[in-house]
>>> print(open('protein.cif').read())   # mmCIF, C-alpha atoms
data_run
loop_
_atom_site.label_atom_id
_atom_site.label_comp_id
_atom_site.auth_asym_id
_atom_site.auth_seq_id
_atom_site.Cartn_x
_atom_site.Cartn_y
_atom_site.Cartn_z
CA MET A 1 226.63 74.90 135.88
CA ILE A 2 227.87 77.01 138.76
CA ILE A 3 229.00 75.78 142.15
CA GLY A 4 226.96 78.04 144.40
CA HIS A 5 226.65 78.54 148.12
CA VAL A 6 223.20 79.40 149.46
CA ILE A 7 223.46 82.48 151.67
CA GLY A 8 219.86 83.59 152.12
CA SER A 9 216.43 84.07 150.64
CA VAL A 10 214.35 86.78 149.10
CA TRP A 11 210.66 87.66 149.42
CA ALA A 12 208.50 89.35 146.82
CA THR A 13 204.74 89.69 147.17
CA ARG A 14 204.21 91.57 143.90
CA LYS A 15 205.60 89.29 141.20
CA ASP A 16 204.87 87.34 138.02
CA GLU A 17 202.27 84.79 139.10
CA ARG A 18 204.29 81.92 137.63
CA LEU A 19 206.81 82.50 140.43
CA ASN A 20 204.17 81.77 143.09
CA GLY A 21 205.08 78.88 145.37
CA LEU A 22 208.69 78.79 144.32
CA LYS A 23 211.43 79.12 146.96
CA LEU A 24 213.73 81.92 145.82
CA LEU A 25 217.21 81.58 147.35
CA VAL A 26 220.16 83.98 147.26
CA VAL A 27 223.22 82.17 145.92
CA LYS A 28 226.86 83.25 145.89
CA PRO A 29 229.30 81.55 143.50
CA LYS A 30 231.31 79.49 146.01
CA TYR A 31 234.75 80.77 145.05
CA SER A 32 233.86 84.46 144.67
CA GLU A 33 234.41 87.17 147.27
CA GLY A 34 231.69 89.58 148.38
CA LEU A 35 228.08 89.84 147.30
CA ASP A 36 228.86 91.34 143.90
CA SER A 37 228.22 88.18 141.91
CA SER A 38 225.39 86.85 144.09
CA PHE A 39 222.07 86.13 142.40
CA VAL A 40 218.64 84.59 143.00
CA ALA A 41 217.79 81.03 141.96
CA ALA A 42 214.56 79.08 142.18
CA ASP A 43 215.13 76.01 144.32
CA LEU A 44 214.08 72.65 142.85
CA ALA A 45 216.37 70.49 145.02
CA SER A 46 215.14 71.21 148.55
CA ALA A 47 218.26 73.24 149.26
CA GLY A 48 218.73 75.42 152.31
CA VAL A 49 220.95 78.21 153.58
CA GLY A 50 224.52 76.94 153.99
CA ASP A 51 224.27 74.29 151.26
CA ASP A 52 226.62 74.07 148.32
CA VAL A 53 224.46 73.72 145.23
CA LEU A 54 224.58 73.11 141.52
CA VAL A 55 222.95 75.98 139.62
CA THR A 56 221.85 75.90 135.99
CA LYS A 57 221.45 79.22 134.20
CA GLY A 58 219.89 80.67 131.08
CA SER A 59 217.36 78.92 128.87
CA SER A 60 218.52 75.58 130.28
CA ALA A 61 217.14 76.65 133.66
CA ARG A 62 213.63 76.71 132.17
CA THR A 63 213.89 73.07 131.10
CA ALA A 64 213.89 72.12 134.78
CA PHE A 65 210.21 73.05 134.88
CA GLY A 66 207.26 71.27 133.36
CA LYS A 67 206.40 74.28 131.25
CA GLU A 68 208.55 76.22 128.80
CA ARG A 69 207.17 79.71 129.37
CA ILE A 70 208.28 80.68 132.87
CA PRO A 71 210.38 83.83 133.46
CA ILE A 72 213.17 82.17 135.42
CA ASP A 73 216.85 82.13 134.42
CA SER A 74 218.54 80.39 137.39
CA VAL A 75 217.59 77.12 139.04
CA ILE A 76 219.13 75.02 141.79
CA VAL A 77 219.18 71.53 140.23
CA GLY A 78 221.20 69.69 142.87
CA VAL A 79 222.64 69.81 146.37
CA ILE A 80 226.37 69.05 146.34
CA ASP A 81 227.67 66.33 148.67
CA SER A 82 231.37 66.78 147.93
CA ILE A 83 233.71 68.74 145.70
CA ASP A 84 236.95 67.03 144.82
CA ILE A 85 239.56 69.40 143.37
CA THR A 86 242.83 67.60 142.66
CA ASP A 87 244.58 69.56 139.91
CA GLU A 88 244.16 73.25 140.60
CA MET B 1 217.64 86.23 138.53
CA ILE B 2 219.44 89.36 139.63
CA ILE B 3 218.71 91.46 142.70
CA GLY B 4 218.50 94.89 141.14
CA HIS B 5 217.95 98.39 142.46
CA VAL B 6 215.96 100.75 140.25
CA ILE B 7 217.89 104.00 139.83
CA GLY B 8 216.15 105.74 136.95
CA SER B 9 214.44 105.52 133.62
CA VAL B 10 215.23 105.92 129.97
CA TRP B 11 213.27 107.49 127.09
CA ALA B 12 213.49 106.56 123.45
CA THR B 13 211.11 107.90 120.82
CA ARG B 14 212.70 106.10 117.89
CA LYS B 15 212.54 102.41 118.76
CA ASP B 16 211.27 98.97 117.79
CA GLU B 17 207.49 99.35 117.88
CA ARG B 18 207.09 96.30 120.10
CA LEU B 19 208.69 98.35 122.89
CA ASN B 20 205.89 100.94 122.73
CA GLY B 21 204.03 101.35 126.00
CA LEU B 22 206.63 99.54 128.07
CA LYS B 23 208.22 101.29 131.06
CA LEU B 24 211.99 101.05 130.61
CA LEU B 25 213.83 101.38 133.91
CA VAL B 26 217.55 101.70 134.63
CA VAL B 27 218.61 98.99 137.07
CA LYS B 28 221.84 98.57 139.00
CA PRO B 29 222.75 95.18 140.46
CA LYS B 30 222.19 95.92 144.17
CA TYR B 31 225.60 94.84 145.40
CA SER B 32 227.69 96.41 142.62
CA GLU B 33 229.49 99.74 142.78
CA GLY B 34 229.14 102.47 140.14
CA LEU B 35 227.07 102.51 136.98
CA ASP B 36 229.30 100.10 135.08
CA SER B 37 227.00 97.11 135.37
CA SER B 38 223.74 99.04 135.18
CA PHE B 39 221.29 98.05 132.44
CA VAL B 40 217.75 98.69 131.20
CA ALA B 41 214.86 96.37 132.02
CA ALA B 42 211.23 96.43 130.94
CA ASP B 43 209.04 96.74 134.01
CA LEU B 44 206.23 94.20 134.38
CA ALA B 45 205.84 94.51 138.16
CA SER B 46 204.85 98.17 138.62
CA ALA B 47 208.27 98.96 140.04
CA GLY B 48 209.56 102.46 140.66
CA VAL B 49 212.80 104.29 141.32
CA GLY B 50 214.26 103.20 144.66
CA ASP B 51 212.73 99.71 144.60
CA ASP B 52 214.72 96.53 144.94
CA VAL B 53 213.58 94.24 142.16
CA LEU B 54 213.93 90.75 140.78
CA VAL B 55 215.21 90.83 137.19
CA THR B 56 215.10 87.94 134.73
CA LYS B 57 217.51 88.02 131.81
CA GLY B 58 218.06 86.39 128.45
CA SER B 59 215.54 84.32 126.57
CA SER B 60 213.67 83.71 129.83
CA ALA B 61 212.85 87.42 129.93
CA ARG B 62 210.81 87.00 126.76
CA THR B 63 208.59 84.37 128.38
CA ALA B 64 207.23 87.10 130.65
CA PHE B 65 205.37 88.49 127.66
CA GLY B 66 202.39 87.07 125.84
CA LYS B 67 204.33 86.85 122.60
CA GLU B 68 207.62 85.12 121.88
CA ARG B 69 209.06 87.53 119.32
CA ILE B 70 209.85 90.70 121.26
CA PRO B 71 213.41 92.14 121.30
CA ILE B 72 213.75 92.40 125.07
CA ASP B 73 216.41 90.64 127.16
CA SER B 74 215.77 91.99 130.69
CA VAL B 75 212.49 92.14 132.59
CA ILE B 76 211.53 93.15 136.12
CA VAL B 77 209.40 90.23 137.27
CA GLY B 78 208.97 91.16 140.92
CA VAL B 79 209.37 93.86 143.54
CA ILE B 80 211.37 92.61 146.52
CA ASP B 81 209.88 93.04 150.00
CA SER B 82 212.86 91.73 151.96
CA ILE B 83 216.25 90.14 151.47
CA ASP B 84 217.40 87.83 154.20
CA ILE B 85 221.13 87.05 154.06
CA THR B 86 222.21 84.84 156.94
CA ASP B 87 225.30 82.94 155.79
CA GLU B 88 227.52 85.33 153.84
CA MET C 1 233.63 77.50 123.18
CA ILE C 2 235.94 77.79 126.14
CA ILE C 3 239.37 76.21 126.52
CA GLY C 4 238.99 74.60 129.92
CA HIS C 5 241.25 72.62 132.19
CA VAL C 6 239.61 69.84 134.22
CA ILE C 7 240.59 70.24 137.88
CA GLY C 8 238.19 67.95 139.71
CA SER C 9 234.72 66.54 140.07
CA VAL C 10 231.58 67.13 142.03
CA TRP C 11 229.08 64.74 143.63
CA ALA C 12 225.41 65.37 144.24
CA THR C 13 223.01 62.68 145.40
CA ARG C 14 219.94 64.92 145.54
CA LYS C 15 219.55 66.30 142.05
CA ASP C 16 217.33 66.62 138.98
CA GLU C 17 216.92 63.02 137.79
CA ARG C 18 217.96 63.92 134.25
CA LEU C 19 221.47 64.49 135.61
CA ASN C 20 221.70 60.85 136.77
CA GLY C 21 224.59 58.95 135.22
CA LEU C 22 226.36 62.04 133.95
CA LYS C 23 229.95 62.70 134.98
CA LEU C 24 230.07 66.22 136.41
CA LEU C 25 233.56 67.71 136.19
CA VAL C 26 234.94 70.94 137.66
CA VAL C 27 236.51 73.02 134.89
CA LYS C 28 238.71 76.11 135.11
CA PRO C 29 239.12 78.35 132.05
CA LYS C 30 242.72 77.47 131.11
CA TYR C 31 244.09 81.02 131.10
CA SER C 32 242.33 82.28 134.25
CA GLU C 33 243.85 82.51 137.71
CA GLY C 34 242.20 81.10 140.83
CA LEU C 35 238.94 79.22 141.21
CA ASP C 36 236.75 82.29 140.70
CA SER C 37 235.69 81.45 137.18
CA SER C 38 235.59 77.68 137.60
CA PHE C 39 232.33 75.90 136.81
CA VAL C 40 230.80 72.43 136.42
CA ALA C 41 230.35 70.78 133.03
CA ALA C 42 228.77 67.47 132.07
CA ASP C 43 231.38 65.32 130.36
CA LEU C 44 230.46 63.84 126.99
CA ALA C 45 234.02 63.31 125.75
CA SER C 46 235.48 60.87 128.29
CA ALA C 47 237.61 63.63 129.79
CA GLY C 48 239.52 63.31 133.03
CA VAL C 49 241.24 65.48 135.60
CA GLY C 50 244.25 67.22 134.03
CA ASP C 51 242.83 67.29 130.50
CA ASP C 52 242.43 70.44 128.45
CA VAL C 53 238.92 70.41 127.09
CA LEU C 54 236.56 72.21 124.75
CA VAL C 55 233.45 73.37 126.61
CA THR C 56 230.20 74.51 125.00
CA LYS C 57 227.90 76.71 127.06
CA GLY C 58 224.33 77.93 127.09
CA SER C 59 221.50 76.53 125.02
CA SER C 60 224.06 75.07 122.61
CA ALA C 61 225.20 72.76 125.42
CA ARG C 62 221.78 71.11 125.40
CA THR C 63 222.08 70.19 121.73
CA ALA C 64 224.87 67.78 122.69
CA PHE C 65 222.21 65.54 124.23
CA GLY C 66 219.57 63.44 122.52
CA LYS C 67 216.79 65.37 124.26
CA GLU C 68 216.10 69.09 124.33
CA ARG C 69 214.74 69.39 127.86
CA ILE C 70 217.69 68.76 130.16
CA PRO C 71 218.75 71.37 132.74
CA ILE C 72 222.41 71.53 131.74
CA ASP C 73 224.22 74.66 130.53
CA SER C 74 227.85 73.46 130.14
CA VAL C 75 229.13 70.41 128.32
CA ILE C 76 232.60 69.07 127.54
CA VAL C 77 232.37 68.35 123.80
CA GLY C 78 236.02 67.53 123.11
CA VAL C 79 239.40 66.72 124.62
CA ILE C 80 242.09 69.03 123.27
CA ASP C 81 245.25 67.46 121.80
CA SER C 82 247.14 70.68 121.14
CA ILE C 83 246.71 74.44 121.30
CA ASP C 84 248.71 76.42 118.80
CA ILE C 85 248.92 80.14 119.64
CA THR C 86 251.08 82.01 117.14
CA ASP C 87 249.89 85.63 117.15
CA GLU C 88 249.21 86.65 120.74
CA MET D 1 219.09 95.85 127.48
CA ILE D 2 222.31 97.79 127.56
CA ILE D 3 222.71 101.56 127.41
CA GLY D 4 225.30 101.85 124.67
CA HIS D 5 227.14 104.71 123.05
CA VAL D 6 227.88 104.36 119.33
CA ILE D 7 231.58 105.04 118.73
CA GLY D 8 232.16 103.80 115.20
CA SER D 9 231.48 101.25 112.53
CA VAL D 10 232.99 98.11 111.11
CA TRP D 11 233.31 96.85 107.52
CA ALA D 12 233.48 93.23 106.43
CA THR D 13 233.31 92.18 102.79
CA ARG D 14 233.67 88.45 103.45
CA LYS D 15 230.79 87.55 105.74
CA ASP D 16 227.68 85.44 106.24
CA GLU D 17 225.35 86.60 103.47
CA ARG D 18 222.50 87.20 105.90
CA LEU D 19 224.51 90.14 107.25
CA ASN D 20 224.47 91.85 103.84
CA GLY D 21 222.87 95.29 103.90
CA LEU D 22 222.97 95.62 107.66
CA LYS D 23 224.73 98.58 109.25
CA LEU D 24 227.22 97.20 111.77
CA LEU D 25 228.07 99.74 114.48
CA VAL D 26 230.68 99.61 117.22
CA VAL D 27 229.03 100.21 120.59
CA LYS D 28 230.58 100.89 123.98
CA PRO D 29 228.51 100.38 127.13
CA LYS D 30 227.95 104.02 128.12
CA TYR D 31 229.28 103.78 131.67
CA SER D 32 232.34 101.61 130.94
CA GLU D 33 235.90 102.85 130.48
CA GLY D 34 238.08 101.91 127.51
CA LEU D 35 237.30 99.72 124.52
CA ASP D 36 237.46 96.46 126.45
CA SER D 37 233.73 95.88 126.60
CA SER D 38 232.91 97.38 123.21
CA PHE D 39 231.06 95.20 120.72
CA VAL D 40 229.35 95.26 117.33
CA ALA D 41 225.58 95.58 116.97
CA ALA D 42 223.36 95.54 113.90
CA ASP D 43 221.50 98.84 113.69
CA LEU D 44 217.72 98.68 113.28
CA ALA D 45 216.96 102.14 114.67
CA SER D 46 218.79 104.46 112.24
CA ALA D 47 221.41 105.21 114.87
CA GLY D 48 224.64 107.02 114.18
CA VAL D 49 228.02 107.66 115.76
CA GLY D 50 227.62 109.68 118.96
CA ASP D 51 224.12 108.40 119.75
CA ASP D 52 223.16 106.75 123.01
CA VAL D 53 221.30 103.59 122.10
CA LEU D 54 219.32 100.72 123.56
CA VAL D 55 220.93 97.38 122.67
CA THR D 56 219.27 93.98 122.97
CA LYS D 57 221.52 90.94 123.20
CA GLY D 58 221.36 87.18 122.83
CA SER D 59 218.52 85.23 121.29
CA SER D 60 216.22 88.20 121.91
CA ALA D 61 218.28 90.17 119.38
CA ARG D 62 217.19 87.76 116.66
CA THR D 63 213.52 88.46 117.33
CA ALA D 64 214.08 92.00 116.01
CA PHE D 65 214.37 90.51 112.53
CA GLY D 66 211.67 89.02 110.36
CA LYS D 67 213.45 85.68 110.26
CA GLU D 68 214.60 83.48 113.12
CA ARG D 69 217.78 82.05 111.61
CA ILE D 70 220.20 84.98 111.38
CA PRO D 71 223.62 84.82 113.08
CA ILE D 72 223.33 88.09 114.99
CA ASP D 73 223.50 88.43 118.78
CA SER D 74 223.34 92.22 119.32
CA VAL D 75 220.86 94.69 117.87
CA ILE D 76 220.28 98.40 118.37
CA VAL D 77 216.52 98.56 119.01
CA GLY D 78 216.20 102.22 119.96
CA VAL D 79 217.89 105.61 120.05
CA ILE D 80 217.81 107.10 123.54
CA ASP D 81 216.44 110.63 123.96
CA SER D 82 217.18 111.01 127.65
CA ILE D 83 218.47 109.05 130.63
CA ASP D 84 217.10 110.05 133.98
CA ILE D 85 219.12 108.68 136.91
CA THR D 86 217.73 109.88 140.22
CA ASP D 87 218.71 107.29 142.82
CA GLU D 88 222.27 106.17 142.14
CA MET E 1 228.95 90.44 118.00
CA ILE E 2 232.50 90.64 119.23
CA ILE E 3 235.47 92.14 117.41
CA GLY E 4 237.95 89.31 117.73
CA HIS E 5 241.54 88.79 116.69
CA VAL E 6 242.50 85.27 115.60
CA ILE E 7 245.60 84.20 117.53
CA GLY E 8 245.80 80.46 116.90
CA SER E 9 244.02 77.17 116.51
CA VAL E 10 243.11 74.16 118.56
CA TRP E 11 243.10 70.43 117.75
CA ALA E 12 240.87 67.79 119.28
CA THR E 13 240.70 64.24 117.99
CA ARG E 14 238.17 63.01 120.53
CA LYS E 15 235.13 65.25 120.13
CA ASP E 16 231.43 65.45 119.34
CA GLU E 17 231.21 64.17 115.77
CA ARG E 18 229.23 67.20 114.65
CA LEU E 19 232.43 69.22 115.11
CA ASN E 20 234.25 67.10 112.52
CA GLY E 21 235.60 69.09 109.60
CA LEU E 22 235.17 72.45 111.30
CA LYS E 23 238.18 74.75 111.69
CA LEU E 24 238.41 75.68 115.37
CA LEU E 25 240.27 78.96 115.89
CA VAL E 26 241.44 80.62 119.10
CA VAL E 27 240.10 84.17 119.24
CA LYS E 28 241.00 87.02 121.57
CA PRO E 29 238.63 89.98 121.94
CA LYS E 30 240.64 92.63 120.06
CA TYR E 31 240.71 95.24 122.83
CA SER E 32 241.40 92.88 125.75
CA GLU E 33 244.77 92.21 127.35
CA GLY E 34 246.15 88.71 127.93
CA LEU E 35 244.64 85.32 127.13
CA ASP E 36 242.07 85.46 129.92
CA SER E 37 239.10 86.22 127.72
CA SER E 38 240.24 84.19 124.71
CA PHE E 39 237.90 81.50 123.41
CA VAL E 40 237.42 79.04 120.56
CA ALA E 41 235.16 79.77 117.60
CA ALA E 42 234.21 77.66 114.59
CA ASP E 43 235.32 79.45 111.44
CA LEU E 44 232.70 79.91 108.72
CA ALA E 45 234.39 82.87 107.00
CA SER E 46 237.72 81.42 105.86
CA ALA E 47 239.54 83.39 108.53
CA GLY E 48 243.17 82.86 109.47
CA VAL E 49 245.61 83.69 112.23
CA GLY E 50 246.16 87.45 112.40
CA ASP E 51 242.72 88.37 111.03
CA ASP E 52 240.29 90.63 112.82
CA VAL E 53 236.95 88.86 112.79
CA LEU E 54 233.30 89.27 113.66
CA VAL E 55 232.19 86.60 116.14
CA THR E 56 228.60 85.69 116.95
CA LYS E 57 227.94 83.95 120.26
CA GLY E 58 225.24 81.97 122.00
CA SER E 59 222.22 80.42 120.34
CA SER E 60 222.63 82.87 117.44
CA ALA E 61 225.90 81.12 116.59
CA ARG E 62 223.97 77.94 115.82
CA THR E 63 221.85 79.72 113.22
CA ALA E 64 224.98 80.07 111.09
CA PHE E 65 224.78 76.33 110.42
CA GLY E 66 222.29 74.44 108.30
CA LYS E 67 221.16 72.40 111.28
CA GLU E 68 219.85 73.58 114.64
CA ARG E 69 221.28 70.86 116.87
CA ILE E 70 225.04 71.42 116.87
CA PRO E 71 226.94 71.99 120.14
CA ILE E 72 228.70 75.20 119.11
CA ASP E 73 228.33 78.55 120.86
CA SER E 74 230.81 80.79 118.98
CA VAL E 75 231.16 81.26 115.24
CA ILE E 76 233.29 83.53 113.06
CA VAL E 77 230.71 85.05 110.68
CA GLY E 78 232.92 87.62 108.96
CA VAL E 79 236.45 88.83 108.36
CA ILE E 80 236.80 92.53 109.18
CA ASP E 81 238.29 94.83 106.53
CA SER E 82 238.35 97.99 108.60
CA ILE E 83 237.27 99.33 111.98
CA ASP E 84 236.43 103.00 112.10
CA ILE E 85 236.27 104.40 115.65
CA THR E 86 235.55 108.13 115.64
CA ASP E 87 233.90 108.94 118.97
CA GLU E 88 235.68 106.99 121.69
#
>>> encode(input="protein.cif", output="structure tokens")
Amino acid sequence: MIIGHVIGSVWATRKDERLNGLKLLVVKPKYSEGLDSSFVAADLASAGVGDDVLVTKGSSARTAFGKERIPIDSVIVGVIDSIDITDE
Amino acid sequence: MIIGHVIGSVWATRKDERLNGLKLLVVKPKYSEGLDSSFVAADLASAGVGDDVLVTKGSSARTAFGKERIPIDSVIVGVIDSIDITDE
Amino acid sequence: MIIGHVIGSVWATRKDERLNGLKLLVVKPKYSEGLDSSFVAADLASAGVGDDVLVTKGSSARTAFGKERIPIDSVIVGVIDSIDITDE
Amino acid sequence: MIIGHVIGSVWATRKDERLNGLKLLVVKPKYSEGLDSSFVAADLASAGVGDDVLVTKGSSARTAFGKERIPIDSVIVGVIDSIDITDE
Amino acid sequence: MIIGHVIGSVWATRKDERLNGLKLLVVKPKYSEGLDSSFVAADLASAGVGDDVLVTKGSSARTAFGKERIPIDSVIVGVIDSIDITDE
């Protein structure tokens, strides 16, 4: 999973209907510079802008949903309370 | 998902027949420089050159189609209306 | 698999319930500089901070669990005793 | 999918028997410098050295074959006739 | 697939039991500098240190085994005899 930081959101009216009702947030890997590696994740953890989040990617992201066939590859599965880095 | 920007299209006569009829667009990750990280995505959202789009990758891309066995790993699943970045 | 070095841990109260009870460790690829490429892996090998570990990613990570539908994409599957590099 | 450029081929006598009979080509992402990001793809589109090709990666690559269990992660699924980039 | 160069091996006593008996080799992408992008692959082609090898990654790596549920994401599927690059 990636430690992400939520920096914004994205709106799309014309989209795959299985994405309807999902909150689509823009996430930046927390320790990366710039927007280069930012991406969009569906939020399943009631996250908001400014939160540090746990993001699952790839086919594992789909398992967060009740159905297997949904064209989503990044999901916010948790909101991080604290990161404890002791041996960098 | 990736925030992509559609910059062109690609034509291939000789190809896997399951790709027939699909619009294949060249997409650049919106916040990347140069063509280095550009790629080709099948368009399922009536996107066009100049659009910002939502791209799903990997096995999740296949779920956008009615059939599971299709050799496609990148799909445009939405056309972006607005991107709201407030906490960069 | 990746040769990782465990550098810390992460806490998340609000998360997908299938992540409950799992130890979530912060891992840095051993031969990378900085935190840029660090990520979070579920620990299934009783690893601790300071250990070199073997990390499996992607859908293969899910096979480490008894159930297929779990939104996890990185798992520590072993604690490394020694790395023997002879032909760099 | 990736826009690749076929730069060579690779020979392996000792290999998984499911790779027997497949043409294994060395592909460089077209807009990348150097050999760093080059890789090997199984050719299913009668491609040759010098061709620009469409490459599918990951589990989607396997769907190009008649059988699901084949240890291949990159497949040439088309030969590109023209690339039209209008909004770089 | 990746063109890898086997540079060493790794030992782990405490590990997922499905990894027992597998030779775990350290592989460096052949055309990359440094150890940064090195990784560990299970050897199914009787490879050894110094060999150039063909490595399959991701879910496709699992198909090299007789069973689907094995937490491995990189497998050596062939030993390369020769690489012929003619149009760099």
>>> closest_residue(input="protein.cif", among="B:Val26, B:Glu17, B:Gly58, B:Asp51", to="chain C", atoms="only C-alpha atoms")
B:Gly58
>>> residues_around(input="protein.cif", residues="stretch 72-77 of chain B", least_positions_apart="2", cutoff="8 Å", atoms="all atoms listed in the file", output="ChimeraX atom specification")
/A:15-16,71 /B:40-45,47,53-62,64,70,79 /D:1,56-58,60-61
>>> write_last_selection(input="protein.cif", atoms="C-alpha atoms", output="PDB file, in the frame of the given file")
ATOM      1  CA  LYS A  15     205.600  89.290 141.200  1.00  0.00           C
ATOM      2  CA  ASP A  16     204.870  87.340 138.020  1.00  0.00           C
ATOM      3  CA  PRO A  71     210.380  83.830 133.460  1.00  0.00           C
TER       4      PRO A  71
ATOM      5  CA  VAL B  40     217.750  98.690 131.200  1.00  0.00           C
ATOM      6  CA  ALA B  41     214.860  96.370 132.020  1.00  0.00           C
ATOM      7  CA  ALA B  42     211.230  96.430 130.940  1.00  0.00           C
ATOM      8  CA  ASP B  43     209.040  96.740 134.010  1.00  0.00           C
ATOM      9  CA  LEU B  44     206.230  94.200 134.380  1.00  0.00           C
ATOM     10  CA  ALA B  45     205.840  94.510 138.160  1.00  0.00           C
ATOM     11  CA  ALA B  47     208.270  98.960 140.040  1.00  0.00           C
ATOM     12  CA  VAL B  53     213.580  94.240 142.160  1.00  0.00           C
ATOM     13  CA  LEU B  54     213.930  90.750 140.780  1.00  0.00           C
ATOM     14  CA  VAL B  55     215.210  90.830 137.190  1.00  0.00           C
ATOM     15  CA  THR B  56     215.100  87.940 134.730  1.00  0.00           C
ATOM     16  CA  LYS B  57     217.510  88.020 131.810  1.00  0.00           C
ATOM     17  CA  GLY B  58     218.060  86.390 128.450  1.00  0.00           C
ATOM     18  CA  SER B  59     215.540  84.320 126.570  1.00  0.00           C
ATOM     19  CA  SER B  60     213.670  83.710 129.830  1.00  0.00           C
ATOM     20  CA  ALA B  61     212.850  87.420 129.930  1.00  0.00           C
ATOM     21  CA  ARG B  62     210.810  87.000 126.760  1.00  0.00           C
ATOM     22  CA  ALA B  64     207.230  87.100 130.650  1.00  0.00           C
ATOM     23  CA  ILE B  70     209.850  90.700 121.260  1.00  0.00           C
ATOM     24  CA  VAL B  79     209.370  93.860 143.540  1.00  0.00           C
TER      25      VAL B  79
ATOM     26  CA  MET D   1     219.090  95.850 127.480  1.00  0.00           C
ATOM     27  CA  THR D  56     219.270  93.980 122.970  1.00  0.00           C
ATOM     28  CA  LYS D  57     221.520  90.940 123.200  1.00  0.00           C
ATOM     29  CA  GLY D  58     221.360  87.180 122.830  1.00  0.00           C
ATOM     30  CA  SER D  60     216.220  88.200 121.910  1.00  0.00           C
ATOM     31  CA  ALA D  61     218.280  90.170 119.380  1.00  0.00           C
TER      32      ALA D  61
END
>>> atom_distance(input="protein.cif", atom1="atom CA of E:Leu24", atom2="atom CA of C:Ile83")
10.3 Å
>>> residues_around(input="protein.cif", residues="B:Ser82", least_positions_apart="6", cutoff="8 Å", atoms="only C-alpha atoms", output="PyMOL selection string")
chain A and resi 10-12
>>> atom_distance(input="protein.cif", atom1="atom CA of B:Lys23", atom2="atom CA of D:Ser46")
21.8 Å
>>> resolve_selection(input="protein.cif", expression="the PyMOL selection byres ((chain C and resi 88) around 9)", output="list of chain:residue names")
C:Ile85, C:Thr86, C:Asp87, E:His5, E:Val6, E:Ile7, E:Gly8, E:Lys28, E:Gly34, E:Leu35, E:Gly50
>>> closest_residue(input="protein.cif", among="D:Leu25, D:Thr13, D:Asp52, D:Asp81", to="D:Phe39", atoms="only C-alpha atoms")
D:Leu25
>>> closest_residue(input="protein.cif", among="E:Ser37, E:Tyr31, E:Lys67, E:Leu19", to="chain D", atoms="only C-alpha atoms")
E:Tyr31
